$ cat entry.cif   # mmCIF, C-alpha atoms and all ligand atoms
data_query
#
loop_
_atom_site.group_PDB
_atom_site.id
_atom_site.type_symbol
_atom_site.label_atom_id
_atom_site.label_comp_id
_atom_site.auth_asym_id
_atom_site.auth_seq_id
_atom_site.Cartn_x
_atom_site.Cartn_y
_atom_site.Cartn_z
ATOM 1 C CA MET R 1 -5.474 22.605 -15.638
ATOM 2 C CA ASP R 2 -2.679 25.133 -16.151
ATOM 3 C CA LEU R 3 -4.783 27.813 -14.500
ATOM 4 C CA ASN R 4 -5.257 25.541 -11.497
ATOM 5 C CA LYS R 5 -1.531 24.910 -11.291
ATOM 6 C CA HIS R 6 -0.788 28.606 -11.508
ATOM 7 C CA VAL R 7 -3.284 29.438 -8.741
ATOM 8 C CA ILE R 8 -1.836 26.709 -6.505
ATOM 9 C CA GLU R 9 1.706 28.007 -6.967
ATOM 10 C CA GLU R 10 0.681 31.587 -6.306
ATOM 11 C CA PHE R 11 -1.321 30.509 -3.250
ATOM 12 C CA ARG R 12 1.653 28.691 -1.722
ATOM 13 C CA ALA R 13 4.066 31.499 -2.500
ATOM 14 C CA ASN R 14 1.856 34.310 -1.128
ATOM 15 C CA ASN R 15 0.472 32.906 2.125
ATOM 16 C CA GLY R 16 -2.837 31.978 0.538
ATOM 17 C CA LYS R 17 -3.435 35.206 -1.391
ATOM 18 C CA VAL R 18 -4.097 35.007 -5.093
ATOM 19 C CA GLY R 19 -4.716 37.710 -7.705
ATOM 20 C CA GLY R 20 -6.625 37.635 -10.977
ATOM 21 C CA MET R 21 -10.108 36.164 -10.894
ATOM 22 C CA PHE R 22 -9.611 35.132 -7.240
ATOM 23 C CA GLU R 23 -8.489 38.592 -6.098
ATOM 24 C CA GLY R 24 -9.776 39.175 -2.574
ATOM 25 C CA ALA R 25 -11.462 35.744 -2.292
ATOM 26 C CA SER R 26 -11.044 33.556 0.800
ATOM 27 C CA LEU R 27 -9.261 30.538 -0.607
ATOM 28 C CA ILE R 28 -7.957 27.251 0.705
ATOM 29 C CA LEU R 29 -6.352 24.304 -1.040
ATOM 30 C CA LEU R 30 -8.046 20.926 -0.706
ATOM 31 C CA ASN R 31 -5.759 17.903 -0.985
ATOM 32 C CA THR R 32 -8.079 14.945 -1.554
ATOM 33 C CA THR R 33 -7.506 11.360 -2.665
ATOM 34 C CA GLY R 34 -8.878 10.434 -6.102
ATOM 35 C CA ALA R 35 -11.962 8.234 -5.651
ATOM 36 C CA ARG R 36 -11.091 5.964 -8.576
ATOM 37 C CA THR R 37 -7.361 6.500 -9.043
ATOM 38 C CA GLY R 38 -6.133 6.869 -5.465
ATOM 39 C CA ARG R 39 -4.112 9.745 -6.868
ATOM 40 C CA PRO R 40 -3.697 12.951 -4.815
ATOM 41 C CA HIS R 41 -5.688 15.957 -6.065
ATOM 42 C CA THR R 42 -5.099 19.577 -5.121
ATOM 43 C CA THR R 43 -7.912 22.065 -5.741
ATOM 44 C CA PRO R 44 -8.142 25.764 -4.822
ATOM 45 C CA THR R 45 -11.583 26.449 -3.350
ATOM 46 C CA VAL R 46 -13.476 29.397 -1.870
ATOM 47 C CA TYR R 47 -14.438 28.797 1.751
ATOM 48 C CA LEU R 48 -16.742 30.234 4.387
ATOM 49 C CA ARG R 49 -15.466 30.145 7.950
ATOM 50 C CA ASP R 50 -17.987 28.913 10.502
ATOM 51 C CA GLY R 51 -16.414 28.761 13.959
ATOM 52 C CA ASN R 52 -13.953 25.883 13.953
ATOM 53 C CA ARG R 53 -15.066 24.497 10.651
ATOM 54 C CA TYR R 54 -14.552 25.617 7.071
ATOM 55 C CA LEU R 55 -17.423 25.279 4.613
ATOM 56 C CA VAL R 56 -16.794 24.641 0.930
ATOM 57 C CA PHE R 57 -19.291 24.635 -1.944
ATOM 58 C CA GLY R 58 -19.383 22.292 -4.902
ATOM 59 C CA SER R 59 -20.669 24.891 -7.381
ATOM 60 C CA ASN R 60 -18.099 23.813 -9.966
ATOM 61 C CA ALA R 61 -18.582 27.226 -11.594
ATOM 62 C CA GLY R 62 -22.117 26.239 -12.621
ATOM 63 C CA GLY R 63 -20.970 23.092 -14.419
ATOM 64 C CA PRO R 64 -23.353 20.146 -14.927
ATOM 65 C CA ARG R 65 -21.439 17.829 -12.568
ATOM 66 C CA HIS R 66 -20.206 17.902 -9.004
ATOM 67 C CA PRO R 67 -16.526 18.777 -8.758
ATOM 68 C CA HIS R 68 -13.972 15.941 -8.453
ATOM 69 C CA TRP R 69 -13.045 16.940 -4.942
ATOM 70 C CA TYR R 70 -16.628 16.330 -3.808
ATOM 71 C CA HIS R 71 -16.674 12.754 -5.158
ATOM 72 C CA ASN R 72 -13.249 12.201 -3.665
ATOM 73 C CA LEU R 73 -14.415 13.321 -0.225
ATOM 74 C CA LEU R 74 -17.491 11.080 -0.367
ATOM 75 C CA ALA R 75 -15.180 8.118 -1.033
ATOM 76 C CA ASN R 76 -12.542 9.207 1.479
ATOM 77 C CA PRO R 77 -13.421 11.993 3.928
ATOM 78 C CA HIS R 78 -9.852 12.475 5.152
ATOM 79 C CA LEU R 79 -8.014 15.334 3.536
ATOM 80 C CA THR R 80 -5.285 17.865 4.083
ATOM 81 C CA VAL R 81 -6.247 21.528 3.898
ATOM 82 C CA GLU R 82 -3.650 24.189 3.154
ATOM 83 C CA LEU R 83 -4.280 27.713 4.311
ATOM 84 C CA GLY R 84 -2.497 30.997 4.900
ATOM 85 C CA THR R 85 -1.489 31.581 8.529
ATOM 86 C CA GLU R 86 -0.491 34.429 10.834
ATOM 87 C CA ASP R 87 3.078 33.173 10.558
ATOM 88 C CA GLY R 88 3.070 34.467 6.988
ATOM 89 C CA ALA R 89 3.331 31.026 5.360
ATOM 90 C CA VAL R 90 0.842 28.469 4.073
ATOM 91 C CA LYS R 91 0.533 25.454 6.370
ATOM 92 C CA PRO R 92 -1.155 22.082 5.873
ATOM 93 C CA PHE R 93 -3.774 20.813 8.343
ATOM 94 C CA ALA R 94 -5.386 17.396 8.638
ATOM 95 C CA ALA R 95 -9.168 17.569 8.333
ATOM 96 C CA ARG R 96 -12.284 15.442 7.972
ATOM 97 C CA ALA R 97 -15.144 16.262 5.585
ATOM 98 C CA VAL R 98 -18.834 16.050 6.504
ATOM 99 C CA PRO R 99 -21.430 16.969 3.838
ATOM 100 C CA LEU R 100 -24.211 19.164 5.220
ATOM 101 C CA GLU R 101 -27.801 18.089 4.702
ATOM 102 C CA GLY R 102 -31.322 19.491 4.642
ATOM 103 C CA GLU R 103 -32.022 22.715 6.457
ATOM 104 C CA GLU R 104 -28.431 23.194 7.587
ATOM 105 C CA ARG R 105 -27.124 22.852 4.021
ATOM 106 C CA ASP R 106 -29.757 25.327 2.726
ATOM 107 C CA ARG R 107 -29.002 27.865 5.437
ATOM 108 C CA TYR R 108 -25.259 27.981 4.751
ATOM 109 C CA TRP R 109 -25.796 27.935 1.006
ATOM 110 C CA GLU R 110 -28.043 31.013 1.340
ATOM 111 C CA LEU R 111 -25.437 32.685 3.553
ATOM 112 C CA GLN R 112 -22.713 32.091 0.962
ATOM 113 C CA CYS R 113 -24.921 33.364 -1.890
ATOM 114 C CA SER R 114 -25.718 36.527 0.047
ATOM 115 C CA ARG R 115 -22.004 37.099 0.634
ATOM 116 C CA ASP R 116 -21.047 36.338 -2.944
ATOM 117 C CA PRO R 117 -23.868 36.568 -5.531
ATOM 118 C CA GLY R 118 -21.605 34.803 -8.033
ATOM 119 C CA PHE R 119 -22.524 31.558 -6.295
ATOM 120 C CA ARG R 120 -26.233 32.116 -6.882
ATOM 121 C CA ALA R 121 -25.480 32.770 -10.545
ATOM 122 C CA TYR R 122 -23.575 29.462 -10.723
ATOM 123 C CA ALA R 123 -26.496 27.579 -9.158
ATOM 124 C CA GLU R 124 -28.851 29.016 -11.772
ATOM 125 C CA GLN R 125 -26.740 27.489 -14.536
ATOM 126 C CA THR R 126 -27.185 23.930 -13.311
ATOM 127 C CA GLU R 127 -29.930 21.506 -12.300
ATOM 128 C CA ARG R 128 -27.769 20.211 -9.477
ATOM 129 C CA THR R 129 -28.230 21.020 -5.824
ATOM 130 C CA VAL R 130 -24.819 22.454 -5.002
ATOM 131 C CA PRO R 131 -23.254 20.364 -2.226
ATOM 132 C CA VAL R 132 -22.066 22.124 0.929
ATOM 133 C CA VAL R 133 -19.316 20.338 2.840
ATOM 134 C CA ALA R 134 -18.012 21.124 6.321
ATOM 135 C CA LEU R 135 -14.310 20.575 6.928
ATOM 136 C CA HIS R 136 -13.488 19.785 10.539
ATOM 137 C CA PHE R 137 -9.863 20.334 11.402
ATOM 138 C CA LEU R 138 -8.532 17.501 13.496
ATOM 139 C CA ASP R 139 -7.705 19.256 16.725
ATOM 140 C CA LEU R 140 -4.578 17.345 17.539
ATOM 141 C CA GLY R 141 -3.587 20.195 19.841
ATOM 142 C CA ALA R 142 -6.249 19.089 22.311
ATOM 143 C CA ASN R 143 -5.204 16.585 24.876
ATOM 144 C CA ASN R 144 -7.069 13.672 23.362
ATOM 145 C CA PRO R 145 -5.084 10.509 24.083
ATOM 146 C CA GLU R 146 -7.653 8.272 22.444
ATOM 147 C CA ARG R 147 -7.438 10.107 19.140
ATOM 148 C CA ASN R 148 -3.663 10.240 19.365
ATOM 149 C CA ARG R 149 -3.473 6.484 19.845
ATOM 150 C CA MET R 150 -5.725 5.992 16.841
ATOM 151 C CA ILE R 151 -3.426 8.181 14.729
ATOM 152 C CA GLY R 152 -0.449 6.170 15.961
ATOM 153 C CA ARG R 153 -2.130 2.898 14.975
ATOM 154 C CA GLN R 154 -2.964 4.298 11.523
ATOM 155 C CA LEU R 155 0.604 5.433 11.017
ATOM 156 C CA VAL R 156 1.941 1.943 11.657
ATOM 157 C CA GLN R 157 -0.760 0.352 9.518
ATOM 158 C CA HIS R 158 -0.130 2.657 6.552
ATOM 159 C CA HIS R 159 3.592 2.011 6.760
ATOM 160 C CA SER R 160 3.048 -1.728 6.640
ATOM 161 C CA GLU R 161 0.659 -1.375 3.678
ATOM 162 C CA LEU R 162 3.204 0.758 1.841
ATOM 163 C CA ARG R 163 5.948 -1.776 2.564
ATOM 164 C CA ALA R 164 3.734 -4.548 1.165
ATOM 165 C CA GLU R 165 2.979 -2.520 -1.978
ATOM 166 C CA LEU R 166 6.674 -1.883 -2.388
ATOM 167 C CA ARG R 167 7.511 -5.594 -2.163
ATOM 168 C CA HIS R 168 4.874 -6.188 -4.807
ATOM 169 C CA VAL R 169 6.393 -3.638 -7.191
ATOM 170 C CA ARG R 170 9.847 -5.114 -6.681
ATOM 171 C CA ALA R 171 8.567 -8.611 -7.393
ATOM 172 C CA GLU R 172 6.999 -7.362 -10.638
ATOM 173 C CA ILE R 173 10.257 -5.780 -11.731
ATOM 174 C CA ASP R 174 12.076 -9.001 -10.931
ATOM 175 C CA ARG R 175 9.624 -10.924 -13.098
ATOM 176 C CA VAL R 176 10.441 -8.622 -15.996
ATOM 177 C CA LEU R 177 14.145 -9.050 -15.320
ATOM 178 C CA ALA R 178 13.770 -12.833 -15.223
ATOM 179 C CA ARG R 179 12.778 -12.723 -18.899
ATOM 180 C CA LYS R 180 16.189 -11.585 -19.995
ATOM 181 C CA HIS R 181 16.703 -15.007 -21.542
ATOM 182 C CA PRO R 182 14.552 -15.910 -24.549
ATOM 183 C CA ALA R 183 13.805 -19.335 -23.042
ATOM 184 C CA ASP R 184 11.875 -17.550 -20.297
ATOM 185 C CA LEU R 185 9.621 -15.788 -22.745
ATOM 186 C CA PRO R 186 6.292 -17.602 -23.058
ATOM 187 C CA GLU R 187 4.486 -14.641 -24.679
ATOM 188 C CA PRO R 188 4.310 -14.031 -28.430
ATOM 189 C CA GLU R 189 7.668 -12.779 -29.609
ATOM 190 C CA ASP R 190 6.337 -9.610 -31.146
ATOM 191 C CA ARG R 191 5.267 -8.109 -27.803
ATOM 192 C CA PRO R 192 7.362 -9.789 -25.156
ATOM 193 C CA GLY R 193 6.264 -8.870 -21.657
ATOM 194 C CA ALA R 194 3.767 -6.272 -22.835
ATOM 195 C CA ASP R 195 1.262 -7.483 -20.295
ATOM 196 C CA LEU R 196 3.796 -7.460 -17.503
ATOM 197 C CA ALA R 197 4.833 -3.984 -18.504
ATOM 198 C CA SER R 198 1.367 -2.535 -18.160
ATOM 199 C CA GLN R 199 0.864 -4.383 -14.878
ATOM 200 C CA LEU R 200 4.132 -3.081 -13.592
ATOM 201 C CA ARG R 201 3.315 0.465 -14.617
ATOM 202 C CA ARG R 202 0.003 0.262 -12.790
ATOM 203 C CA HIS R 203 1.587 -1.054 -9.617
ATOM 204 C CA CYS R 204 4.354 1.531 -9.692
ATOM 205 C CA LEU R 205 1.866 4.367 -10.010
ATOM 206 C CA THR R 206 -0.375 2.914 -7.302
ATOM 207 C CA PHE R 207 2.570 2.836 -4.963
ATOM 208 C CA CYS R 208 3.585 6.418 -5.817
ATOM 209 C CA TYR R 209 0.050 7.714 -5.252
ATOM 210 C CA ALA R 210 -0.312 5.863 -1.972
ATOM 211 C CA LEU R 211 2.988 7.108 -0.616
ATOM 212 C CA ARG R 212 2.313 10.664 -1.727
ATOM 213 C CA THR R 213 -1.149 10.639 -0.130
ATOM 214 C CA HIS R 214 0.332 9.278 3.096
ATOM 215 C CA HIS R 215 2.914 12.049 3.212
ATOM 216 C CA THR R 216 0.432 14.801 2.340
ATOM 217 C CA ARG R 217 -1.720 13.644 5.215
ATOM 218 C CA GLU R 218 1.209 13.463 7.577
ATOM 219 C CA ASP R 219 2.311 16.964 6.635
ATOM 220 C CA GLY R 220 -1.183 18.039 7.678
ATOM 221 C CA SER R 221 -0.809 16.393 11.088
ATOM 222 C CA PHE R 222 2.716 17.655 11.712
ATOM 223 C CA THR R 223 1.529 21.275 12.011
ATOM 224 C CA ALA R 224 -0.624 20.275 14.988
ATOM 225 C CA PHE R 225 1.924 17.839 16.444
ATOM 226 C CA GLU R 226 4.445 20.650 16.726
ATOM 227 C CA LYS R 227 2.027 22.607 18.885
ATOM 228 C CA GLN R 228 1.077 19.663 21.033
ATOM 229 C CA PHE R 229 4.561 18.203 21.407
ATOM 230 C CA PRO R 230 7.079 21.086 21.221
ATOM 231 C CA HIS R 231 9.955 18.727 22.036
ATOM 232 C CA LEU R 232 9.301 16.957 18.723
ATOM 233 C CA ALA R 233 9.907 20.070 16.594
ATOM 234 C CA PRO R 234 13.434 19.092 15.470
ATOM 235 C CA ALA R 235 12.360 15.542 14.601
ATOM 236 C CA ILE R 236 9.353 16.857 12.675
ATOM 237 C CA ALA R 237 11.529 19.335 10.787
ATOM 238 C CA ARG R 238 13.675 16.397 9.687
ATOM 239 C CA LEU R 239 10.626 14.334 8.703
ATOM 240 C CA ARG R 240 9.353 17.211 6.555
ATOM 241 C CA ARG R 241 12.690 17.462 4.761
ATOM 242 C CA GLU R 242 12.647 13.712 4.178
ATOM 243 C CA HIS R 243 9.161 13.966 2.675
ATOM 244 C CA GLU R 244 10.487 16.518 0.206
ATOM 245 C CA ALA R 245 13.459 14.324 -0.687
ATOM 246 C CA VAL R 246 11.177 11.307 -1.212
ATOM 247 C CA GLU R 247 8.891 13.421 -3.395
ATOM 248 C CA ARG R 248 11.779 14.406 -5.652
ATOM 249 C CA GLY R 249 12.788 10.750 -5.981
ATOM 250 C CA LEU R 250 9.202 9.706 -6.707
ATOM 251 C CA ALA R 251 8.896 12.283 -9.469
ATOM 252 C CA GLU R 252 11.990 10.869 -11.209
ATOM 253 C CA PHE R 253 10.804 7.310 -10.749
ATOM 254 C CA GLU R 254 7.392 8.174 -12.175
ATOM 255 C CA ALA R 255 8.944 9.871 -15.192
ATOM 256 C CA LEU R 256 10.839 6.648 -15.845
ATOM 257 C CA VAL R 257 7.736 4.490 -15.364
ATOM 258 C CA ASN R 258 5.754 6.645 -17.758
ATOM 259 C CA GLY R 259 8.604 6.286 -20.257
ATOM 260 C CA ASP R 260 8.903 7.950 -23.666
ATOM 261 C CA GLY R 261 8.009 5.177 -26.068
ATOM 262 C CA GLY R 262 5.435 3.522 -23.813
ATOM 263 C CA GLU R 263 7.421 0.267 -24.168
ATOM 264 C CA LEU R 264 9.153 0.554 -20.830
ATOM 265 C CA PRO R 265 9.815 -1.636 -18.966
ATOM 266 C CA ALA R 266 9.182 -4.607 -21.272
ATOM 267 C CA ASP R 267 12.826 -4.324 -22.209
ATOM 268 C CA PRO R 268 14.918 -5.941 -19.453
ATOM 269 C CA ALA R 269 17.533 -3.193 -19.719
ATOM 270 C CA ASP R 270 14.859 -0.642 -18.907
ATOM 271 C CA ALA R 271 13.562 -2.808 -16.093
ATOM 272 C CA GLU R 272 17.090 -2.876 -14.710
ATOM 273 C CA LYS R 273 17.179 0.914 -14.781
ATOM 274 C CA LEU R 274 13.775 1.075 -13.159
ATOM 275 C CA ARG R 275 14.861 -1.294 -10.442
ATOM 276 C CA ALA R 276 17.937 0.839 -9.713
ATOM 277 C CA GLU R 277 15.828 3.984 -9.562
ATOM 278 C CA LEU R 278 13.294 2.319 -7.271
ATOM 279 C CA ASP R 279 16.108 1.160 -5.006
ATOM 280 C CA ARG R 280 17.293 4.752 -4.816
ATOM 281 C CA VAL R 281 13.816 5.966 -3.907
ATOM 282 C CA VAL R 282 13.391 3.449 -1.140
ATOM 283 C CA ALA R 283 16.931 3.582 0.173
ATOM 284 C CA GLY R 284 15.922 6.279 2.603
ATOM 285 C CA LEU R 285 12.278 5.292 2.896
ATOM 286 C CA GLU R 286 12.674 2.424 5.366
ATOM 287 C CA GLU R 287 14.851 4.659 7.474
ATOM 288 C CA HIS R 288 12.262 7.420 7.247
ATOM 289 C CA PHE R 289 9.442 5.103 8.391
ATOM 290 C CA ALA R 290 11.563 3.857 11.270
ATOM 291 C CA TYR R 291 12.592 7.343 12.376
ATOM 292 C CA GLU R 292 9.001 8.501 12.213
ATOM 293 C CA GLU R 293 7.708 5.604 14.259
ATOM 294 C CA GLN R 294 10.524 5.935 16.753
ATOM 295 C CA HIS R 295 9.866 9.638 17.389
ATOM 296 C CA LEU R 296 6.128 10.031 16.967
ATOM 297 C CA LEU R 297 4.729 6.841 18.462
ATOM 298 C CA PRO R 298 5.922 7.370 22.052
ATOM 299 C CA ALA R 299 4.219 10.796 22.119
ATOM 300 C CA LEU R 300 1.049 9.536 20.463
ATOM 301 C CA GLU R 301 0.809 6.523 22.739
ATOM 302 C CA ALA R 302 1.473 8.478 25.938
ATOM 303 C CA PRO R 303 -1.103 7.929 28.697
ATOM 304 C CA LEU R 304 -3.408 10.705 29.926
ATOM 305 C CA ARG R 305 -1.498 13.591 31.444
HETATM 306 FE FE FE R 401 6.447 10.305 6.728
HETATM 307 FE FE FE R 402 4.713 7.869 7.566
#

$ encode --input "entry.cif" --output "structure tokens"
Amino acid sequence: MDLNKHVIEEFRANNGKVGGMFEGASLILLNTTGARTGRPHTTPTVYLRDGNRYLVFGSNAGGPRHPHWYHNLLANPHLTVELGTEDGAVKPFAARAVPLEGEERDRYWELQCSRDPGFRAYAEQTERTVPVVALHFLDLGANNPERNRMIGRQLVQHHSELRAELRHVRAEIDRVLARKHPADLPEPEDRPGADLASQLRRHCLTFCYALRTHHTREDGSFTAFEKQFPHLAPAIARLRREHEAVERGLAEFEALVNGDGGELPADPADAEKLRAELDRVVAGLEEHFAYEEQHLLPALEAPLR
């Protein structure tokens, strides 16, 4: 895990170039959504460029199981790919994953093995057929009003889902707070609110994951939006900064949710703290959603030029 983290940091700092065991390899970062957890996953992966698509291989270094990212993409084919660019900095791009099958899969697998025999060696260590997945970059730069409108609709829908999740989390915290008075405590006295606490923790984390995934995906779209709608560049720059600010707030909130003693937030005082921290996180979030909708939707909903 630490190795992964190190590679990711080096990748982002060096425009996609990484030393050590990946020296000279063509790497990208896959940002997928956890199939079971909904949690964002970042994985460095070797790729093979094939025209407009990028092919990735689930060799998992010869391990007995398919890599997590492969299961994640089967459950949710939308991802954000980070790659080095001519501008000298890593940029995120929205993409869609399509597993290759049959003859096409075999052909590209052979091509990859002939380019890098290490892959053939991996395949020999496992019974699995190594999956080959094509990543199609969403070409938002093309004048495709239909696709743009779809993206606009998704943006609004995700915002309303996130708002609903947020209301839910707040209601849970309020339920914990309502138990300040012993008369409101129906549970056994030894573990007051333990059940609520674990529920609350789960909902908090679900919300954090969902918001983070939404922003990762948006960051991927922004790169293309800037090209397609140059007049939006200043607004997008602001939205990116807001994403970073929200991320910092989320990290603090999560640290609080995950607590030290594992008892948080059964204690109303801790719930109070949690509530204050959550309020801080979302203080700017509503404004961010509104600003985003206000600036992006008119461009995305524009009729055919
Ligand atoms: Fe956003
Ligand atoms: Fe958004």

$ residues_around --input "entry.cif" --residues "R:His243" --least-positions-apart "3" --cutoff "12 Å" --atoms "all atoms listed in the file" --output "list in words"
Leu211, Arg212, Thr213, His214, His215, Thr216, Arg217, Glu218, Asp219, Phe222, Ile236, Ala237, Arg238, Leu239, Arg240, Val246, Glu247, Arg248, Gly249, Leu250, Val281, Val282, Gly284, Leu285, Glu287, His288, Phe289 and Glu292 of chain R

$ atom_distance --input "entry.cif" --atom1 "atom CA of R:Phe207" --atom2 "atom CA of R:Ala269"
21.9 Å

$ resolve_selection --input "entry.cif" --expression "the PyMOL selection byres (((chain R and resi 74) around 10) and not hetatm)" --output "list in words"
Ala35, Trp69, Tyr70, His71, Asn72, Leu73, Ala75, Asn76, Pro77, His78, Ala97, Val98, Pro99 and Val133 of chain R

$ resolve_selection --input "entry.cif" --expression "the PyMOL selection byres (((chain R and resi 45) around 6) and not hetatm)" --output "VMD selection string"
chain R and resid 27 to 28 44 46

$ closest_residue --input "entry.cif" --among "R:His231, R:Arg36, R:Lys91, R:Arg280" --to "R:Gly16" --atoms "only C-alpha atoms"
R:Lys91

$ resolve_selection --input "entry.cif" --expression "the PyMOL selection byres (((chain R and resi 89) around 12) and not hetatm)" --output "PyMOL selection string"
chain R and resi 10-17+82-88+90-92+223

$ atom_distance --input "entry.cif" --atom1 "atom CA of R:Leu297" --atom2 "atom CA of R:Gly220"
16.6 Å

$ closest_residue --input "entry.cif" --among "R:Leu278, R:Gly102, R:Leu155, R:Val257" --to "ligand FE 401 (chain R)" --atoms "all atoms listed in the file"
R:Leu155

$ residues_around --input "entry.cif" --residues "R:Arg96" --least-positions-apart "6" --cutoff "8 Å" --atoms "only C-alpha atoms" --output "list in words"
Pro77, His78, Leu79, Leu135, His136, Phe137 and Leu138 of chain R

$ atom_distance --input "entry.cif" --atom1 "atom CA of R:Phe93" --atom2 "atom CA of R:Gly63"
28.6 Å

$ closest_residue --input "entry.cif" --among "R:Asn52, R:Ser221, R:Gln125, R:Gln228" --to "ligand FE 401 (chain R)" --atoms "all atoms listed in the file"
R:Ser221

$ closest_residue --input "entry.cif" --among "R:Arg153, R:Leu256, R:Ala271, R:Ala178" --to "ligand FE 402 (chain R)" --atoms "all atoms listed in the file"
R:Arg153

$ axis_aligned_box --input "entry.cif" --around "stretch 44-62 of chain R" --padding-each-side "4 Å" --output "lines of an AutoDock Vina configuration file"
center_x = -15.1
center_y = 26.3
center_z = 0.7
size_x = 22.0
size_y = 15.9
size_z = 34.6

$ closest_residue --input "entry.cif" --among "R:His158, R:Arg39, R:His168, R:Arg115" --to "ligand FE 401 (chain R)" --atoms "all atoms listed in the file"
R:His158

$ closest_residue --input "entry.cif" --among "R:Ala25, R:His295, R:Gly19, R:Arg202" --to "ligand FE 401 (chain R)" --atoms "only C-alpha atoms and all ligand atoms"
R:His295

$ residues_around --input "entry.cif" --residues "R:Phe57" --least-positions-apart "6" --cutoff "8 Å" --atoms "all atoms listed in the file" --output "list in words"
Val46, Tyr47, Trp109, Val130, Pro131, Val132 and Val133 of chain R

$ build_atoms --input "entry.cif" --residues "stretch 243-254 of chain R" --atoms "N, CA, C and O atoms" --output "PDB file, in the frame of the given file"
ATOM      1  N   HIS R 243      10.317  14.050   3.591  1.00  0.00           N
ATOM      2  CA  HIS R 243       9.161  13.966   2.675  1.00  0.00           C
ATOM      3  C   HIS R 243       9.488  14.646   1.352  1.00  0.00           C
ATOM      4  O   HIS R 243       9.139  14.153   0.289  1.00  0.00           O
ATOM      5  N   GLU R 244      10.136  15.791   1.438  1.00  0.00           N
ATOM      6  CA  GLU R 244      10.487  16.518   0.206  1.00  0.00           C
ATOM      7  C   GLU R 244      11.484  15.727  -0.635  1.00  0.00           C
ATOM      8  O   GLU R 244      11.377  15.679  -1.860  1.00  0.00           O
ATOM      9  N   ALA R 245      12.455  15.119   0.039  1.00  0.00           N
ATOM     10  CA  ALA R 245      13.459  14.324  -0.687  1.00  0.00           C
ATOM     11  C   ALA R 245      12.784  13.122  -1.360  1.00  0.00           C
ATOM     12  O   ALA R 245      13.065  12.809  -2.522  1.00  0.00           O
ATOM     13  N   VAL R 246      11.886  12.454  -0.642  1.00  0.00           N
ATOM     14  CA  VAL R 246      11.177  11.307  -1.212  1.00  0.00           C
ATOM     15  C   VAL R 246      10.354  11.754  -2.414  1.00  0.00           C
ATOM     16  O   VAL R 246      10.324  11.085  -3.448  1.00  0.00           O
ATOM     17  N   GLU R 247       9.715  12.908  -2.302  1.00  0.00           N
ATOM     18  CA  GLU R 247       8.891  13.421  -3.395  1.00  0.00           C
ATOM     19  C   GLU R 247       9.724  13.645  -4.657  1.00  0.00           C
ATOM     20  O   GLU R 247       9.298  13.302  -5.764  1.00  0.00           O
ATOM     21  N   ARG R 248      10.911  14.197  -4.479  1.00  0.00           N
ATOM     22  CA  ARG R 248      11.779  14.406  -5.652  1.00  0.00           C
ATOM     23  C   ARG R 248      12.141  13.072  -6.306  1.00  0.00           C
ATOM     24  O   ARG R 248      12.113  12.933  -7.523  1.00  0.00           O
ATOM     25  N   GLY R 249      12.463  12.080  -5.462  1.00  0.00           N
ATOM     26  CA  GLY R 249      12.788  10.750  -5.981  1.00  0.00           C
ATOM     27  C   GLY R 249      11.608  10.118  -6.705  1.00  0.00           C
ATOM     28  O   GLY R 249      11.764   9.532  -7.773  1.00  0.00           O
ATOM     29  N   LEU R 250      10.419  10.278  -6.101  1.00  0.00           N
ATOM     30  CA  LEU R 250       9.202   9.706  -6.707  1.00  0.00           C
ATOM     31  C   LEU R 250       8.954  10.292  -8.081  1.00  0.00           C
ATOM     32  O   LEU R 250       8.579   9.586  -9.011  1.00  0.00           O
ATOM     33  N   ALA R 251       9.151  11.608  -8.192  1.00  0.00           N
ATOM     34  CA  ALA R 251       8.896  12.283  -9.469  1.00  0.00           C
ATOM     35  C   ALA R 251       9.803  11.702 -10.558  1.00  0.00           C
ATOM     36  O   ALA R 251       9.360  11.455 -11.682  1.00  0.00           O
ATOM     37  N   GLU R 252      11.064  11.442 -10.224  1.00  0.00           N
ATOM     38  CA  GLU R 252      11.990  10.869 -11.209  1.00  0.00           C
ATOM     39  C   GLU R 252      11.590   9.443 -11.578  1.00  0.00           C
ATOM     40  O   GLU R 252      11.619   9.041 -12.730  1.00  0.00           O
ATOM     41  N   PHE R 253      11.230   8.700 -10.530  1.00  0.00           N
ATOM     42  CA  PHE R 253      10.804   7.310 -10.749  1.00  0.00           C
ATOM     43  C   PHE R 253       9.581   7.257 -11.660  1.00  0.00           C
ATOM     44  O   PHE R 253       9.527   6.486 -12.615  1.00  0.00           O
ATOM     45  N   GLU R 254       8.619   8.131 -11.376  1.00  0.00           N
ATOM     46  CA  GLU R 254       7.392   8.174 -12.175  1.00  0.00           C
ATOM     47  C   GLU R 254       7.680   8.517 -13.623  1.00  0.00           C
ATOM     48  O   GLU R 254       7.092   7.950 -14.542  1.00  0.00           O
TER      49      GLU R 254
END
